[in-house]
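Contents: one structure, followed by commentary.
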Amino acid sequence: MKTEIIGLQNQRSAQQLRDGAGGQNASSRQKDAEKAQLYSKIVERFAILFDNPSARLRFLNNTLAKQQAHQNQLRQSLQRVRFLEKTPLYDWLIEARFYATVIEELKAIAPTLSPQNQRKIEALQLPFSARVFNFLNQTRQVAYALAILVAAVTLFGLYSLVSWSAHGVNSYLATKYKNGKAPIIVAQAGQTPSDLTATTVKYLPGFQAENVWLVERTSEFERFSNGCRILTAYQTDNHPRAYYLIPRGADTEGTELRHDIVGIVYHTSESDIVQFTPDNNEAIQKRSKGLLSYIQEIKAYNYLIDRYGEIYRVVRDDHAAHHAGHSIWADGKYNYAGLNESFLGVCFESTVKGGTLQETLTEAQIVAGRALTNVLRSKYNIDDVNCTTHGLVSVNPDKMLIAYHHDWVRNFPFEAMGLSDKYQVPPPNMTDYGFTYDEEILEKLERTLWPGAIAAETEFNEKLAKSKSNEDVFRRKLRDRYLAQLEKARKLRLDANGKSVLASQSPGSADSAETGNHN
């Protein structure tokens, strides 16, 4: 009877293996059949503990059927990693699960056995792997509960961390940038020069005022010892310079009247330019001549450097050109409000839209710009600190914003001009006058600020904290001081009828302006 049952079960197991294995090869089916035979023999050893034939039969059938189901279930779960079936791990799992099934069935039928046989079941020595598996199987509900609890605590912790981090980041950005929009990019310290600029700087000497002087002057040009040649055919008058020196840090409009040149502001003409190629020679020259005529008409700059490196004086040096508009700069001692009166305007024929320096300036313009810078610094004893760009000085007083005009707000080749990098300097319009930026300005600047602007914001906030004032009130007070300083300088040029009163008070002739002898 027992042999018939086992034989029947073996046949059934073999058929199940064929149905479940599908496309397995013959060796795999043989291996499964051998395992089924082994499991049947092991079950038979345990079955002898049952005196009741029906209990014995139920134990045999249930155990072998469950084991086959477990084996099929495991194989189904390993479909994506079938290679594991050929490893010892797979055999260990099958064997351990088999013994666990035997134990389950023994415990289920044990109450129907005699006390003697029940003690024999308790005394059974099972493999260590089977005892471990059985323990894990018995405690799985507790393990599931603990896993769910751990997962819940972990998820809650992660949610709290993410929420806190997001809140912290948003608070930081909102505090620093006042809007929570995309973050501001800080341009790298020291604008990365092009190969052209690096080569120019490498082979040109540093600034030496004593080595620069006027060599020749004709009705058409002036030539200097450093090779600089200034064309004068477009030179015109405007109005003589006049401004008040404003002691830095003082709450005053200034009292000392001055006429001398203290600095240089560099511009781009913001022109529509054509590609710099030989095929465009005629178009390039035509555009330059048109630009010169326009600049002369509106008296926009003191100098223009065209794309071939020709330097043109437009508004004579001792007269102010209309180049800087609302603007602020400072050196170690003084603030300068409205730089038309105190700074020369040097313009490069170029576009403000160029993505790189090489797209913005030609080699000839870089060399000519350095030569002109050295001439002007030598003639007027201009300090390096007061050589800056329009984008760094321009302001909008109505909205209290910096970079109202943003030509050369990045990429100006200070090093190639023999100058220190003003992108590292906190702009005085922010530190001393409270000007700032908004989303519109940031978008124009592609959300990129120069390092000095970031430093200036920190410096201004420190001043604000010391003042113990409301921020808006404090900024408006500084803005009003700037406007008062500007208005006081404007009155120097107008009489009661709105006409200039400075023409007869010019501090010197054109000759004296060129030699730099006036004060």
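Residue numbers start at 1 in each chain; chains themselves are named A, B, ... in the order of the structure tokens; ligands are numbered from 1 in the order shown.
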
Neighbouring residues of His322 of chain A were defined as those with any atom within 12 Å, considering only C-alpha atoms; residues of the same chain fewer than 4 positions away were excluded. Please report them as a compact mmCIF listing (two decimals) with C-alpha atoms, in the first residue's frame.
```txt
# COMPACT_ATOMS: atom_id res chain seq x y z
CA ASP A 237 32.96 120.32 -28.66
CA ASN A 238 30.23 119.76 -26.09
CA HIS A 239 30.45 121.50 -22.70
CA ARG A 241 33.66 119.41 -17.43
CA VAL A 265 34.36 104.20 -18.58
CA HIS A 267 31.44 100.95 -23.54
CA ILE A 295 28.25 109.58 -32.29
CA GLN A 296 29.56 112.97 -33.37
CA GLU A 297 26.01 114.27 -33.80
CA ILE A 298 24.80 113.23 -30.33
CA LYS A 299 28.23 113.70 -28.68
CA ALA A 300 28.00 110.24 -27.19
CA TYR A 301 31.64 109.33 -26.40
CA ASN A 302 35.04 110.90 -26.12
CA TYR A 303 36.62 108.05 -28.13
CA VAL A 314 34.92 112.48 -30.98
CA VAL A 315 34.25 114.76 -28.00
CA HIS A 326 22.90 107.90 -14.43
CA SER A 327 26.04 106.33 -13.06
CA GLY A 338 27.09 111.19 -12.93
CA LEU A 339 30.34 110.11 -14.59
CA ASN A 340 29.93 112.18 -17.76
CA GLU A 341 31.61 115.08 -16.01
CA SER A 342 34.51 113.28 -14.38
CA PHE A 343 35.23 110.22 -16.59
CA LEU A 344 36.20 109.82 -20.24
CA GLY A 345 33.98 107.58 -22.32
CA VAL A 346 35.82 105.05 -24.54
CA CYS A 347 33.62 103.01 -26.86
```

Report task. May I have all residues of segment 181-374 of chain A that DSSP, computed from the backbone, assigns to strand (DSSP E or B), given as a PyMOL selection string? Result -> chain A and resi 185-186+214-217+221-224+229-231+236+239-240+243-247+256-258+263-268+303-305+311-313+315+319-320+327-330+334-337+343-348

Among the residues of segment 357-417 of chain A, find those DSSP assigns to helix (DSSP H, G or I) from the backbone and print them as a PDB file with N, CA, C and O atoms, in the first residue's frame.
```
ATOM      1  N   LEU A 357      34.351  86.934 -25.464  1.00  0.00           N
ATOM      2  CA  LEU A 357      35.170  88.090 -25.771  1.00  0.00           C
ATOM      3  C   LEU A 357      35.604  88.076 -27.233  1.00  0.00           C
ATOM      4  O   LEU A 357      35.621  89.114 -27.898  1.00  0.00           O
ATOM      5  N   GLN A 358      35.947  86.910 -27.740  1.00  0.00           N
ATOM      6  CA  GLN A 358      36.414  86.814 -29.117  1.00  0.00           C
ATOM      7  C   GLN A 358      35.311  87.176 -30.116  1.00  0.00           C
ATOM      8  O   GLN A 358      35.582  87.652 -31.214  1.00  0.00           O
ATOM      9  N   GLU A 359      34.060  86.968 -29.731  1.00  0.00           N
ATOM     10  CA  GLU A 359      32.946  87.362 -30.576  1.00  0.00           C
ATOM     11  C   GLU A 359      32.649  88.850 -30.454  1.00  0.00           C
ATOM     12  O   GLU A 359      31.947  89.415 -31.281  1.00  0.00           O
ATOM     13  N   THR A 360      33.158  89.490 -29.410  1.00  0.00           N
ATOM     14  CA  THR A 360      32.835  90.888 -29.128  1.00  0.00           C
ATOM     15  C   THR A 360      33.888  91.845 -29.661  1.00  0.00           C
ATOM     16  O   THR A 360      33.556  92.904 -30.200  1.00  0.00           O
ATOM     17  N   GLU A 363      41.176  91.471 -32.553  1.00  0.00           N
ATOM     18  CA  GLU A 363      42.548  91.594 -32.041  1.00  0.00           C
ATOM     19  C   GLU A 363      43.016  93.040 -32.106  1.00  0.00           C
ATOM     20  O   GLU A 363      43.635  93.559 -31.159  1.00  0.00           O
ATOM     21  N   ALA A 364      42.711  93.728 -33.212  1.00  0.00           N
ATOM     22  CA  ALA A 364      43.150  95.123 -33.377  1.00  0.00           C
ATOM     23  C   ALA A 364      42.519  96.017 -32.316  1.00  0.00           C
ATOM     24  O   ALA A 364      43.163  96.958 -31.815  1.00  0.00           O
ATOM     25  N   GLN A 365      41.274  95.760 -31.935  1.00  0.00           N
ATOM     26  CA  GLN A 365      40.622  96.570 -30.916  1.00  0.00           C
ATOM     27  C   GLN A 365      41.254  96.372 -29.541  1.00  0.00           C
ATOM     28  O   GLN A 365      41.383  97.332 -28.770  1.00  0.00           O
ATOM     29  N   ILE A 366      41.636  95.153 -29.239  1.00  0.00           N
ATOM     30  CA  ILE A 366      42.271  94.892 -27.944  1.00  0.00           C
ATOM     31  C   ILE A 366      43.607  95.629 -27.846  1.00  0.00           C
ATOM     32  O   ILE A 366      43.908  96.295 -26.846  1.00  0.00           O
ATOM     33  N   VAL A 367      44.424  95.538 -28.898  1.00  0.00           N
ATOM     34  CA  VAL A 367      45.726  96.208 -28.893  1.00  0.00           C
ATOM     35  C   VAL A 367      45.537  97.717 -28.840  1.00  0.00           C
ATOM     36  O   VAL A 367      46.208  98.420 -28.068  1.00  0.00           O
ATOM     37  N   ALA A 368      44.597  98.253 -29.634  1.00  0.00           N
ATOM     38  CA  ALA A 368      44.351  99.699 -29.646  1.00  0.00           C
ATOM     39  C   ALA A 368      43.782 100.162 -28.320  1.00  0.00           C
ATOM     40  O   ALA A 368      44.133 101.247 -27.821  1.00  0.00           O
ATOM     41  N   GLY A 369      42.911  99.361 -27.714  1.00  0.00           N
ATOM     42  CA  GLY A 369      42.328  99.731 -26.423  1.00  0.00           C
ATOM     43  C   GLY A 369      43.370  99.841 -25.338  1.00  0.00           C
ATOM     44  O   GLY A 369      43.335 100.762 -24.513  1.00  0.00           O
ATOM     45  N   ARG A 370      44.337  98.933 -25.349  1.00  0.00           N
ATOM     46  CA  ARG A 370      45.412  99.000 -24.351  1.00  0.00           C
ATOM     47  C   ARG A 370      46.281 100.236 -24.585  1.00  0.00           C
ATOM     48  O   ARG A 370      46.635 100.946 -23.629  1.00  0.00           O
ATOM     49  N   ALA A 371      46.620 100.496 -25.842  1.00  0.00           N
ATOM     50  CA  ALA A 371      47.457 101.660 -26.148  1.00  0.00           C
ATOM     51  C   ALA A 371      46.759 102.956 -25.739  1.00  0.00           C
ATOM     52  O   ALA A 371      47.373 103.853 -25.131  1.00  0.00           O
ATOM     53  N   LEU A 372      45.462 103.088 -26.057  1.00  0.00           N
ATOM     54  CA  LEU A 372      44.719 104.301 -25.691  1.00  0.00           C
ATOM     55  C   LEU A 372      44.596 104.428 -24.182  1.00  0.00           C
ATOM     56  O   LEU A 372      44.742 105.531 -23.631  1.00  0.00           O
ATOM     57  N   THR A 373      44.343 103.323 -23.502  1.00  0.00           N
ATOM     58  CA  THR A 373      44.250 103.350 -22.033  1.00  0.00           C
ATOM     59  C   THR A 373      45.542 103.898 -21.426  1.00  0.00           C
ATOM     60  O   THR A 373      45.522 104.749 -20.525  1.00  0.00           O
ATOM     61  N   ASN A 374      46.687 103.426 -21.921  1.00  0.00           N
ATOM     62  CA  ASN A 374      47.971 103.893 -21.383  1.00  0.00           C
ATOM     63  C   ASN A 374      48.207 105.375 -21.685  1.00  0.00           C
ATOM     64  O   ASN A 374      48.768 106.104 -20.858  1.00  0.00           O
ATOM     65  N   VAL A 375      47.783 105.832 -22.857  1.00  0.00           N
ATOM     66  CA  VAL A 375      47.918 107.255 -23.183  1.00  0.00           C
ATOM     67  C   VAL A 375      47.091 108.103 -22.233  1.00  0.00           C
ATOM     68  O   VAL A 375      47.571 109.091 -21.660  1.00  0.00           O
ATOM     69  N   LEU A 376      45.839 107.723 -22.055  1.00  0.00           N
ATOM     70  CA  LEU A 376      44.942 108.521 -21.212  1.00  0.00           C
ATOM     71  C   LEU A 376      45.368 108.479 -19.744  1.00  0.00           C
ATOM     72  O   LEU A 376      45.309 109.499 -19.043  1.00  0.00           O
ATOM     73  N   ARG A 377      45.788 107.347 -19.265  1.00  0.00           N
ATOM     74  CA  ARG A 377      46.249 107.259 -17.883  1.00  0.00           C
ATOM     75  C   ARG A 377      47.497 108.110 -17.661  1.00  0.00           C
ATOM     76  O   ARG A 377      47.656 108.749 -16.613  1.00  0.00           O
ATOM     77  N   SER A 378      48.390 108.128 -18.664  1.00  0.00           N
ATOM     78  CA  SER A 378      49.611 108.928 -18.546  1.00  0.00           C
ATOM     79  C   SER A 378      49.304 110.417 -18.579  1.00  0.00           C
ATOM     80  O   SER A 378      49.845 111.204 -17.795  1.00  0.00           O
ATOM     81  N   LYS A 379      48.451 110.856 -19.497  1.00  0.00           N
ATOM     82  CA  LYS A 379      48.139 112.284 -19.671  1.00  0.00           C
ATOM     83  C   LYS A 379      47.415 112.862 -18.468  1.00  0.00           C
ATOM     84  O   LYS A 379      47.681 113.993 -18.057  1.00  0.00           O
ATOM     85  N   TYR A 380      46.501 112.073 -17.868  1.00  0.00           N
ATOM     86  CA  TYR A 380      45.640 112.623 -16.825  1.00  0.00           C
ATOM     87  C   TYR A 380      45.856 111.981 -15.462  1.00  0.00           C
ATOM     88  O   TYR A 380      45.072 112.214 -14.544  1.00  0.00           O
ATOM     89  N   ASP A 384      44.315 103.249 -11.700  1.00  0.00           N
ATOM     90  CA  ASP A 384      43.723 101.984 -12.142  1.00  0.00           C
ATOM     91  C   ASP A 384      42.322 101.778 -11.575  1.00  0.00           C
ATOM     92  O   ASP A 384      41.414 101.310 -12.271  1.00  0.00           O
ATOM     93  N   VAL A 385      42.103 102.115 -10.299  1.00  0.00           N
ATOM     94  CA  VAL A 385      40.824 101.860  -9.648  1.00  0.00           C
ATOM     95  C   VAL A 385      39.662 102.553 -10.337  1.00  0.00           C
ATOM     96  O   VAL A 385      38.520 102.114 -10.244  1.00  0.00           O
ATOM     97  N   ASN A 386      39.949 103.642 -11.063  1.00  0.00           N
ATOM     98  CA  ASN A 386      38.894 104.401 -11.725  1.00  0.00           C
ATOM     99  C   ASN A 386      38.757 104.069 -13.215  1.00  0.00           C
ATOM    100  O   ASN A 386      38.211 104.867 -13.976  1.00  0.00           O
ATOM    101  N   HIS A 390      30.762 100.430 -18.329  1.00  0.00           N
ATOM    102  CA  HIS A 390      29.430 101.013 -18.237  1.00  0.00           C
ATOM    103  C   HIS A 390      28.468 100.124 -17.458  1.00  0.00           C
ATOM    104  O   HIS A 390      27.672 100.605 -16.635  1.00  0.00           O
ATOM    105  N   GLY A 391      28.529  98.809 -17.707  1.00  0.00           N
ATOM    106  CA  GLY A 391      27.623  97.905 -17.009  1.00  0.00           C
ATOM    107  C   GLY A 391      27.799  97.926 -15.507  1.00  0.00           C
ATOM    108  O   GLY A 391      26.844  97.686 -14.760  1.00  0.00           O
ATOM    109  N   LEU A 392      28.984  98.231 -15.026  1.00  0.00           N
ATOM    110  CA  LEU A 392      29.264  98.237 -13.588  1.00  0.00           C
ATOM    111  C   LEU A 392      28.893  99.559 -12.921  1.00  0.00           C
ATOM    112  O   LEU A 392      28.769  99.606 -11.689  1.00  0.00           O
ATOM    113  N   VAL A 393      28.710 100.631 -13.691  1.00  0.00           N
ATOM    114  CA  VAL A 393      28.429 101.948 -13.088  1.00  0.00           C
ATOM    115  C   VAL A 393      27.003 102.411 -13.335  1.00  0.00           C
ATOM    116  O   VAL A 393      26.492 103.280 -12.621  1.00  0.00           O
TER     117      VAL A 393
END
```

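Residue neighbourhood of Arg475 of chain A, excluding near-sequence residues (fewer than 4 positions): Met400, Met430, Asp432, Tyr433, Gly434, Phe435, Thr436, Phe460, Leu464, Ser469, Asn470, Glu471, Arg479, Asp480 and Arg481 of chain A, at 10 Å, using only C-alpha atoms.
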
Query raised in the report: If you measure from atom CA of Ile382 of chain A to atom CA of Val262 of chain A, what distance in Å do you get, rounded to one decimal?
Result: 5.5 Å

Determine, for each residue of segment 313-340 of chain A having at least one atom at most 12 Å from an atom of segment 411-426 of chain A, the closest pair of atoms and their separation in Å to one decimal, counting only C-alpha atoms; order by chain and ascending number, as a Markdown table.
```
| residue | atom | partner | partner_atom | distance |
| --- | --- | --- | --- | --- |
| A:Trp329 | CA | A:Pro426 | CA | 10.2 |
| A:Ala330 | CA | A:Pro426 | CA | 10.2 |
| A:Asp331 | CA | A:Val425 | CA | 10.6 |
| A:Gly332 | CA | A:Val425 | CA | 11.8 |
```

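Taking atom CA of Val473 of chain A and atom CA of Val186 of chain A as the two end points, the separation is 28.3 Å.
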
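The shortest atom-to-atom distance to Ile185 of chain A, with only C-alpha atoms taken into account, belongs to A:Glu446 out of A:Glu446, A:Asp279, A:Asp438, A:Asp472.
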
**Report entry** Distance query segment 212-216 of chain A at most 6 Å, only C-alpha atoms, self and fewer than 5 positions along chain excluded, as a PyMOL selection string
**Finding:** chain A and resi 222-226

Prev. selection, N, CA, C and O atoms, output as an mmCIF file, in the first residue's frame:
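Below you can see again01.cif, which holds the result:
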```cif
data_model
loop_
_atom_site.group_PDB
_atom_site.id
_atom_site.type_symbol
_atom_site.label_atom_id
_atom_site.label_comp_id
_atom_site.auth_asym_id
_atom_site.auth_seq_id
_atom_site.Cartn_x
_atom_site.Cartn_y
_atom_site.Cartn_z
ATOM 1 N N GLU A 222 47.030 112.471 -33.937
ATOM 2 C CA GLU A 222 48.073 112.608 -32.921
ATOM 3 C C GLU A 222 48.736 111.242 -32.759
ATOM 4 O O GLU A 222 48.053 110.223 -32.731
ATOM 5 N N ARG A 223 50.063 111.241 -32.674
ATOM 6 C CA ARG A 223 50.801 109.981 -32.562
ATOM 7 C C ARG A 223 51.617 109.999 -31.277
ATOM 8 O O ARG A 223 52.242 111.006 -30.932
ATOM 9 N N PHE A 224 51.601 108.851 -30.561
ATOM 10 C CA PHE A 224 52.261 108.761 -29.258
ATOM 11 C C PHE A 224 53.364 107.707 -29.270
ATOM 12 O O PHE A 224 53.440 106.853 -30.162
ATOM 13 N N SER A 225 54.213 107.803 -28.265
ATOM 14 C CA SER A 225 55.422 106.975 -28.220
ATOM 15 C C SER A 225 55.136 105.485 -28.087
ATOM 16 O O SER A 225 56.010 104.657 -28.381
ATOM 17 N N ASN A 226 53.976 105.110 -27.628
ATOM 18 C CA ASN A 226 53.653 103.686 -27.486
ATOM 19 C C ASN A 226 52.956 103.123 -28.725
ATOM 20 O O ASN A 226 52.434 102.010 -28.700
#
```

Skip Lys286 of chain A itself and residues of its chain fewer than 4 positions away, then list as a short mmCIF file (atom, residue, chain, number, x, y, z; two decimals) with N, CA and C atoms, in the first residue's frame all residues within 12 Å of it, counting only C-alpha atoms.
```cif
data_model
loop_
_atom_site.label_atom_id
_atom_site.label_comp_id
_atom_site.auth_asym_id
_atom_site.auth_seq_id
_atom_site.Cartn_x
_atom_site.Cartn_y
_atom_site.Cartn_z
N ILE A 273 26.57 94.35 -35.96
CA ILE A 273 27.83 94.21 -36.69
C ILE A 273 27.76 93.01 -37.63
N VAL A 274 28.57 93.06 -38.68
CA VAL A 274 28.65 91.94 -39.62
C VAL A 274 29.87 91.10 -39.28
N ASN A 280 33.65 91.07 -46.07
CA ASN A 280 32.78 92.12 -45.53
C ASN A 280 33.50 93.45 -45.35
N ASN A 281 34.68 93.63 -45.95
CA ASN A 281 35.44 94.87 -45.77
C ASN A 281 34.61 96.11 -46.02
N GLU A 282 33.94 96.15 -47.15
CA GLU A 282 33.18 97.34 -47.52
C GLU A 282 32.05 97.61 -46.52
N GLY A 290 29.24 105.36 -40.57
CA GLY A 290 27.90 105.75 -40.13
C GLY A 290 27.83 105.90 -38.62
N LEU A 291 28.47 105.01 -37.90
CA LEU A 291 28.47 105.08 -36.45
C LEU A 291 29.20 106.32 -35.97
N LEU A 292 30.34 106.64 -36.58
CA LEU A 292 31.10 107.84 -36.19
C LEU A 292 30.27 109.11 -36.38
N SER A 293 29.57 109.19 -37.49
CA SER A 293 28.75 110.38 -37.75
C SER A 293 27.64 110.51 -36.71
N ASP A 306 37.23 101.59 -33.78
CA ASP A 306 36.48 100.79 -34.75
C ASP A 306 37.03 99.37 -34.82
N ARG A 307 36.47 98.56 -35.69
CA ARG A 307 36.80 97.14 -35.69
C ARG A 307 38.18 96.84 -36.27
#
```

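One finds atom CA of Leu478 of chain A at 25.6 Å from atom CA of Glu443 of chain A.
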
Requested in this report: Just the residues within 10 Å of Gly249 of chain A, please, counting only C-alpha atoms, with nothing from its chain fewer than 5 positions along; format it as a ChimeraX atom specification.
Outcome: /A:333-335,432

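Comparing A:Pro88, A:Leu483, A:Glu104, A:Ala242 by their smallest distance to Thr63 of chain A, the closest is A:Glu104 (using only C-alpha atoms).
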
Query - Within 7 Å of Leu257 of chain A using only C-alpha atoms, minus same-chain residues under 3 positions, as a list in words - result: Ala242, Tyr243, Tyr244 and Leu245 of chain A

For the residues in that selection, give me C-alpha atoms as an mmCIF file, in the first residue's frame.
```
data_model
loop_
_atom_site.group_PDB
_atom_site.id
_atom_site.type_symbol
_atom_site.label_atom_id
_atom_site.label_comp_id
_atom_site.auth_asym_id
_atom_site.auth_seq_id
_atom_site.Cartn_x
_atom_site.Cartn_y
_atom_site.Cartn_z
ATOM 1 C CA ALA A 242 32.518 120.436 -13.940
ATOM 2 C CA TYR A 243 31.589 118.396 -10.880
ATOM 3 C CA TYR A 244 31.914 118.341 -7.091
ATOM 4 C CA LEU A 245 34.152 115.960 -5.217
#
```
